[in-house]
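> Hey, dropping protein.csv in here, CSV, C-alpha atoms:
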chain,number,residue,atom,x,y,z
A,1,MET,CA,49.3,114.1,15.4
A,2,ASN,CA,47.6,117.5,14.9
A,3,CYS,CA,49.2,120.6,16.2
A,4,ALA,CA,46.9,120.9,19.3
A,5,ALA,CA,47.5,117.3,20.3
A,6,GLU,CA,51.2,117.8,19.8
A,7,LEU,CA,51.2,120.9,22.0
A,8,ASP,CA,49.3,119.0,24.7
A,9,ALA,CA,51.9,116.2,24.6
A,10,TYR,CA,54.7,118.7,24.7
A,11,PHE,CA,53.5,120.6,27.8
A,12,GLU,CA,52.7,117.3,29.6
A,13,ARG,CA,56.2,115.9,28.9
A,14,LEU,CA,57.8,119.2,29.8
A,15,ALA,CA,55.9,119.3,33.2
A,16,ALA,CA,56.7,115.6,33.9
A,17,ARG,CA,60.3,115.5,33.1
A,18,CYS,CA,61.3,119.2,33.4
A,19,PRO,CA,64.2,118.8,30.8
A,20,GLY,CA,64.0,122.6,30.2
A,21,ARG,CA,63.9,124.0,33.7
A,22,ASP,CA,67.5,125.2,33.4
A,23,LEU,CA,66.9,126.3,29.8
A,24,ASN,CA,64.0,128.5,30.6
A,25,LEU,CA,61.4,126.5,28.5
A,26,LEU,CA,58.0,127.9,29.3
A,27,ALA,CA,54.9,126.3,30.7
A,28,ARG,CA,51.7,126.7,28.7
A,29,ASP,CA,50.5,129.9,30.4
A,30,GLN,CA,54.0,131.4,30.3
A,31,ALA,CA,54.3,130.6,26.6
A,32,ARG,CA,50.9,132.3,26.0
A,33,ASP,CA,52.0,135.4,27.8
A,34,ALA,CA,55.4,135.6,26.1
A,35,THR,CA,53.7,135.2,22.7
A,36,GLU,CA,51.3,138.1,23.5
A,37,GLN,CA,54.3,140.3,24.3
A,38,LEU,CA,55.9,139.5,21.0
A,39,SER,CA,52.8,139.4,18.9
A,40,TRP,CA,54.0,142.5,17.0
A,41,HIS,CA,56.9,140.6,15.5
A,42,PRO,CA,56.3,140.0,11.7
A,43,THR,CA,57.7,136.4,11.8
A,44,ILE,CA,55.6,135.4,14.8
A,45,GLU,CA,52.5,136.9,13.2
A,46,ALA,CA,53.1,135.2,9.8
A,47,LEU,CA,53.9,131.8,11.2
A,48,GLY,CA,51.3,131.8,14.0
A,49,GLY,CA,54.3,131.5,16.3
A,50,LEU,CA,54.1,130.3,19.9
A,51,VAL,CA,57.1,131.5,22.0
A,52,LEU,CA,58.5,128.5,23.8
A,53,ASP,CA,61.4,129.9,26.0
A,54,ASP,CA,62.7,133.0,27.6
A,55,PRO,CA,66.5,132.7,28.0
A,56,GLY,CA,66.9,136.3,29.1
A,57,THR,CA,68.0,137.4,25.7
A,58,SER,CA,66.3,138.6,22.5
A,59,ASP,CA,66.5,135.1,21.1
A,60,HIS,CA,63.7,132.6,21.3
A,61,HIS,CA,62.6,129.2,20.1
A,62,VAL,CA,59.2,129.5,18.5
A,63,LEU,CA,56.7,126.9,17.4
A,64,ALA,CA,55.2,127.6,13.9
A,65,ARG,CA,51.5,126.9,14.0
A,66,LYS,CA,50.5,128.0,10.5
A,67,SER,CA,51.2,126.3,7.2
A,68,PRO,CA,53.5,125.6,5.5
A,69,LEU,CA,55.8,125.2,8.5
A,70,ALA,CA,53.3,124.2,11.1
A,71,GLY,CA,54.7,121.9,13.8
A,72,GLN,CA,58.4,122.9,13.2
A,73,VAL,CA,60.5,125.0,15.6
A,74,LEU,CA,62.1,128.2,14.6
A,75,TYR,CA,65.0,129.9,16.3
A,76,LEU,CA,64.2,133.6,16.3
A,77,SER,CA,67.6,135.3,16.7
A,78,HIS,CA,67.8,139.0,17.2
A,79,ASP,CA,71.2,139.5,15.7
A,80,GLY,CA,72.1,136.1,14.2
A,81,ASP,CA,70.8,133.2,12.2
A,82,THR,CA,67.0,132.9,12.3
A,83,ARG,CA,65.9,129.6,10.8
A,84,ILE,CA,64.0,126.4,11.5
A,85,VAL,CA,66.1,124.2,13.8
A,86,PHE,CA,63.9,121.4,14.9
A,87,GLU,CA,61.5,119.2,13.0
A,88,SER,CA,59.0,119.0,15.9
A,89,LEU,CA,58.4,119.7,19.6
A,90,ALA,CA,59.5,116.2,20.4
A,91,GLN,CA,62.9,116.9,18.8
A,92,LEU,CA,63.1,120.2,20.8
A,93,LEU,CA,62.6,118.3,24.1
A,94,ASP,CA,65.1,115.6,23.2
A,95,ALA,CA,67.7,118.3,22.5
A,96,ALA,CA,66.7,120.1,25.8
A,97,GLN,CA,67.3,116.8,27.7
A,98,ARG,CA,70.8,116.5,26.1
A,99,ALA,CA,71.6,120.2,26.8
A,100,THR,CA,70.6,119.8,30.4
A,101,GLN,CA,72.9,116.7,30.7
A,102,GLN,CA,75.8,118.4,28.9
A,103,GLU,CA,75.2,121.7,30.8
A,104,CYS,CA,75.2,123.7,27.5
A,105,PRO,CA,72.8,126.1,25.9
A,106,LEU,CA,70.1,124.6,23.8
A,107,SER,CA,71.4,126.6,20.8
A,108,ASP,CA,74.6,124.6,20.9
A,109,LEU,CA,72.6,121.6,19.8
A,110,HIS,CA,71.0,123.1,16.8
A,111,PRO,CA,71.7,121.0,13.7
A,112,ALA,CA,74.0,122.3,11.1
A,113,LEU,CA,71.3,122.0,8.5
A,114,SER,CA,67.7,123.0,9.0
A,115,PRO,CA,65.1,120.2,8.5
A,116,PRO,CA,63.4,120.8,5.2
A,117,CYS,CA,59.8,122.0,5.2
A,118,ARG,CA,57.4,119.1,4.7
A,119,ASP,CA,55.3,121.1,2.3
A,120,GLN,CA,57.8,122.3,-0.3
A,121,PRO,CA,55.2,123.6,-2.8
A,122,GLY,CA,53.5,125.5,0.0
A,123,LEU,CA,56.8,127.0,1.1
A,124,SER,CA,57.7,128.0,-2.4
A,125,GLY,CA,54.4,129.8,-2.9
A,126,PHE,CA,54.7,131.4,0.6
A,127,MET,CA,58.1,132.7,-0.2
A,128,GLN,CA,57.1,134.1,-3.6
A,129,ALA,CA,54.3,136.0,-1.9
A,130,LEU,CA,56.7,137.3,0.8
A,131,CYS,CA,59.1,138.6,-1.8
A,132,GLU,CA,56.5,141.1,-3.0
A,133,ASP,CA,57.8,143.7,-0.5
A,134,GLU,CA,61.0,144.5,1.5
A,135,GLN,CA,59.6,143.3,4.9
A,136,GLY,CA,58.5,140.1,3.4
A,137,GLU,CA,61.9,139.6,1.8
A,138,GLU,CA,63.5,139.7,5.3
A,139,MET,CA,61.3,136.8,6.4
A,140,ALA,CA,61.9,134.9,3.1
A,141,LEU,CA,65.6,135.1,4.0
A,142,GLU,CA,64.9,133.2,7.2
A,143,LEU,CA,63.1,130.4,5.3
A,144,ILE,CA,65.8,129.7,2.6
A,145,PRO,CA,67.5,127.0,4.8
A,146,SER,CA,64.1,125.2,4.9
A,147,LEU,CA,64.1,124.8,1.1
A,148,ASP,CA,65.0,121.4,-0.4
A,149,LEU,CA,66.6,123.4,-3.3
A,150,GLN,CA,64.5,121.6,-5.9
A,151,ASP,CA,62.4,124.6,-7.1
A,152,LEU,CA,65.0,126.0,-9.5
A,153,GLU,CA,62.7,128.7,-10.7
A,154,LEU,CA,62.3,130.1,-7.2
A,155,LEU,CA,66.0,129.9,-6.6
A,156,GLN,CA,66.7,131.9,-9.8
A,157,ARG,CA,64.1,134.5,-8.7
A,158,LEU,CA,65.8,134.8,-5.3
A,159,VAL,CA,69.2,135.2,-6.9
A,160,GLY,CA,68.2,137.5,-9.7
A,161,GLY,CA,66.2,140.0,-7.6
A,162,GLY,CA,67.5,143.2,-6.2
A,163,ASN,CA,68.1,141.9,-2.6
A,164,PHE,CA,71.7,140.6,-2.4
A,165,PHE,CA,71.1,139.0,1.0
A,166,LEU,CA,68.7,136.6,-0.6
A,167,ALA,CA,71.2,135.7,-3.4
A,168,GLU,CA,74.0,135.2,-0.8
A,169,ALA,CA,71.8,133.0,1.3
A,170,VAL,CA,70.9,130.8,-1.7
A,171,ALA,CA,74.6,130.4,-2.5
A,172,VAL,CA,75.4,129.5,1.1
A,173,GLU,CA,72.8,126.8,1.1
A,174,ILE,CA,74.0,125.4,-2.2
A,175,GLY,CA,77.5,125.3,-0.7
A,176,LYS,CA,76.1,123.2,2.2
A,177,ARG,CA,74.1,120.9,0.0
A,178,PRO,CA,75.8,120.8,-3.4
A,179,ARG,CA,74.2,119.0,-6.3
A,180,PRO,CA,75.2,119.1,-10.0
A,181,ASP,CA,71.8,120.5,-11.1
A,182,LEU,CA,72.5,123.5,-9.0
A,183,LEU,CA,75.7,124.5,-10.8
A,184,LEU,CA,74.1,127.1,-13.1
A,185,ILE,CA,72.5,128.9,-10.2
A,186,ALA,CA,75.8,128.7,-8.2
A,187,GLU,CA,77.6,130.2,-11.3
A,188,GLN,CA,75.0,132.9,-11.4
A,189,CYS,CA,75.8,133.8,-7.8
A,190,ARG,CA,79.5,133.7,-8.6
A,191,ALA,CA,79.0,136.3,-11.3
A,192,HIS,CA,76.9,138.6,-9.1
A,193,ASP,CA,77.9,142.2,-8.8
A,194,HIS,CA,77.9,142.2,-5.0
A,195,PRO,CA,81.2,140.8,-3.6
A,196,GLN,CA,79.4,138.9,-0.8
A,197,VAL,CA,77.3,137.0,-3.2
A,198,ALA,CA,80.2,136.4,-5.6
A,199,LYS,CA,82.3,135.0,-2.8
A,200,ALA,CA,79.5,132.6,-1.6
A,201,GLY,CA,78.8,131.7,-5.2
A,202,SER,CA,82.5,130.8,-5.8
A,203,ALA,CA,82.4,128.6,-2.7
A,204,ALA,CA,79.2,126.9,-3.9
A,205,VAL,CA,80.7,126.2,-7.3
A,206,ALA,CA,83.7,124.7,-5.7
A,207,ALA,CA,81.6,122.5,-3.4
A,208,ILE,CA,79.6,121.2,-6.4
A,209,ARG,CA,82.7,120.3,-8.3
A,210,ARG,CA,84.1,118.4,-5.2
A,211,ALA,CA,80.8,116.5,-4.7
Output the structure of this file as structure tokens.

Amino acid sequence: MNCAAELDAYFERLAARCPGRDLNLLARDQARDATEQLSWHPTIEALGGLVLDDPGTSDHHVLARKSPLAGQVLYLSHDGDTRIVFESLAQLLDAAQRATQQECPLSDLHPALSPPCRDQPGLSGFMQALCEDEQGEEMALELIPSLDLQDLELLQRLVGGGNFFLAEAVAVEIGKRPRPDLLLIAEQCRAHDHPQVAKAGSAAVAAIRRA
């Protein structure tokens, strides 16, 4: 299903079943207006984002409409953990239905691990381009959970650059998804000069050795 058809199906299902009424999921016109108000945001601009909800906070679920993440749903958090949280709009609505039944915030049903980007080569290239400047690095940080951790060259670049937040995020993801072939990068993080990276790297090395 292409993105336009998926959006049509999403808004039709939203209108018919109203699983998001108590979660402030937006109808099509409302989503368009909310997106215009946040069009200045670098992440929304870069991903072609469509704002899907208005929970009365600075946090929003956003549909990515540009490659390489087109069709996936990002949680744009003002002070917290911005990352992809749903593989598709259908998964978002399923989670909204459960959140309504359980009377809990939709964010409580975010998966512990982000779904991997379907286009890993495209994501790697996108992140390398982002890392050419500081503003881009901030967005690259948000996309690290979407990596499948197979592009070791990219991971080494993220760890070896001057932004310790990127290195820490790589170590944290390795700790969540440990594999033997990631040991050298985890050890590189453990030996990092910044204590936050070194701590996350030590945890990643330990996770790999337990796996």
> Set the distance at 10 Å and use only C-alpha atoms: which residues neighbour Arg210 of chain A once local chain neighbours fewer than 5 positions away are removed? I'd like the list as a list in words.
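Skipping anything fewer than 5 positions along the chain leaves Pro178, Arg179, Ala204 and Val205 of chain A.
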> Give me, as CSV, each residue of segment 1-50 of chain A that comes within 12 Å of segment 141-149 of chain A, together with its shortest interatomic pair and the distance in Å at one decimal, counting all atoms listed in the file, with rows ordered by chain and rising residue number.

residue,atom,partner,partner_atom,distance
A:Pro42,CA,A:Glu142,CA,11.9
A:Thr43,CA,A:Glu142,CA,9.1
A:Ala46,CA,A:Leu143,CA,12.0
A:Leu47,CA,A:Leu143,CA,11.0
> Could you check how far atom CA of Arg32 of chain A sits from atom CA of Val51 of chain A, in Å to one decimal?
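Atom CA of Val51 of chain A lies 7.4 Å from atom CA of Arg32 of chain A.
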> Work out how far apart atom CA of Glu137 of chain A and atom CA of Leu182 of chain A are and give it in Å to one decimal.
22.1 Å
> Would you mind telling me which residue in A:Ile174, A:Ala99, A:Leu69, A:Leu23 lies nearest to Arg209 of chain A when using all atoms listed in the file?
A:Ile174
> Provide the atom CA of Ala200 of chain A to atom CA of Leu184 of chain A distance in Å, to one decimal place.
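Taking atom CA of Ala200 of chain A and atom CA of Leu184 of chain A, their separation equals 13.8 Å.
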> Please provide the set of residues having any atom within 9 Å of Pro68 of chain A, restricted to only C-alpha atoms, with same-chain residues fewer than 2 positions apart removed, written as a list of chain:residue names.
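Residues meeting the cut-off are A:Leu47, A:Ala64, A:Arg65, A:Lys66, A:Ala70, A:Cys117, A:Arg118, A:Asp119, A:Gln120, A:Pro121, A:Gly122, A:Leu123, A:Phe126.
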> How would the residues just picked look written out with C-alpha atoms as a short mmCIF file (atom, residue, chain, number, x, y, z; two decimals), keeping the file's coordinate frame?

data_model
loop_
_atom_site.label_atom_id
_atom_site.label_comp_id
_atom_site.auth_asym_id
_atom_site.auth_seq_id
_atom_site.Cartn_x
_atom_site.Cartn_y
_atom_site.Cartn_z
CA LEU A 47 53.90 131.80 11.20
CA ALA A 64 55.20 127.60 13.90
CA ARG A 65 51.50 126.90 14.00
CA LYS A 66 50.50 128.00 10.50
CA ALA A 70 53.30 124.20 11.10
CA CYS A 117 59.80 122.00 5.20
CA ARG A 118 57.40 119.10 4.70
CA ASP A 119 55.30 121.10 2.30
CA GLN A 120 57.80 122.30 -0.30
CA PRO A 121 55.20 123.60 -2.80
CA GLY A 122 53.50 125.50 0.00
CA LEU A 123 56.80 127.00 1.10
CA PHE A 126 54.70 131.40 0.60
#
> Just checking: using all atoms listed in the file, which residue out of A:Cys104, A:Leu50, A:Leu92, A:Leu130 ends up closest to Cys3 of chain A?
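Closest residue, counting all atoms listed in the file: A:Leu50.
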> Which residues, protein or nucleic acid, reach to within 12 Å of (73.6, 136.0, 17.1) in the file's coordinates when using all atoms listed in the file, and can you give that as a list in words?
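Residues satisfying the cut-off, written out: Thr57, Ser58, Asp59, His60, Tyr75, Leu76, Ser77, His78, Asp79, Gly80, Asp81, Thr82, Arg83 and Ser107 of chain A.
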> So which residues touch Gly56 of chain A within 12 Å, counting all atoms listed in the file, skipping near sequence neighbours fewer than 5 positions away, as a list in words?
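Returned residues: Asp22, Leu23, Asn24, Leu25 and Ala34 of chain A.
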> Filtering to C-alpha atoms, could you give me those residues as an mmCIF file, in the coordinates of the input?

data_model
loop_
_atom_site.group_PDB
_atom_site.id
_atom_site.type_symbol
_atom_site.label_atom_id
_atom_site.label_comp_id
_atom_site.auth_asym_id
_atom_site.auth_seq_id
_atom_site.Cartn_x
_atom_site.Cartn_y
_atom_site.Cartn_z
ATOM 1 C CA ASP A 22 67.500 125.200 33.400
ATOM 2 C CA LEU A 23 66.900 126.300 29.800
ATOM 3 C CA ASN A 24 64.000 128.500 30.600
ATOM 4 C CA LEU A 25 61.400 126.500 28.500
ATOM 5 C CA ALA A 34 55.400 135.600 26.100
#
> Which residue is closest to Ser124 of chain A? Choose from A:Asp53, A:Asp33, A:Asp151, A:Asp108 and count all atoms listed in the file.
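Between A:Asp53, A:Asp33, A:Asp151, A:Asp108, the residue approaching Ser124 of chain A most closely is A:Asp151.
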> Between A:Ser114, A:Gly49, A:Val62, A:Ala90, which has the minimum distance to Phe11 of chain A (counting all atoms listed in the file)?
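Looking only at the distances to Phe11 of chain A, the closest residue turns out to be A:Ala90.
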> Contacts of Gln72 of chain A at 7 Å or less, counting only C-alpha atoms, minus same-chain residues fewer than 4 places along, as JSON, numbers by chain?
{"A": [63, 64, 84, 86, 87, 88]}
> Counting all atoms listed in the file, which residues have an atom no more than 6 Å from (67.8, 119.7, 15.1) in the file's coordinates? Please list them as a count of residues only.
4
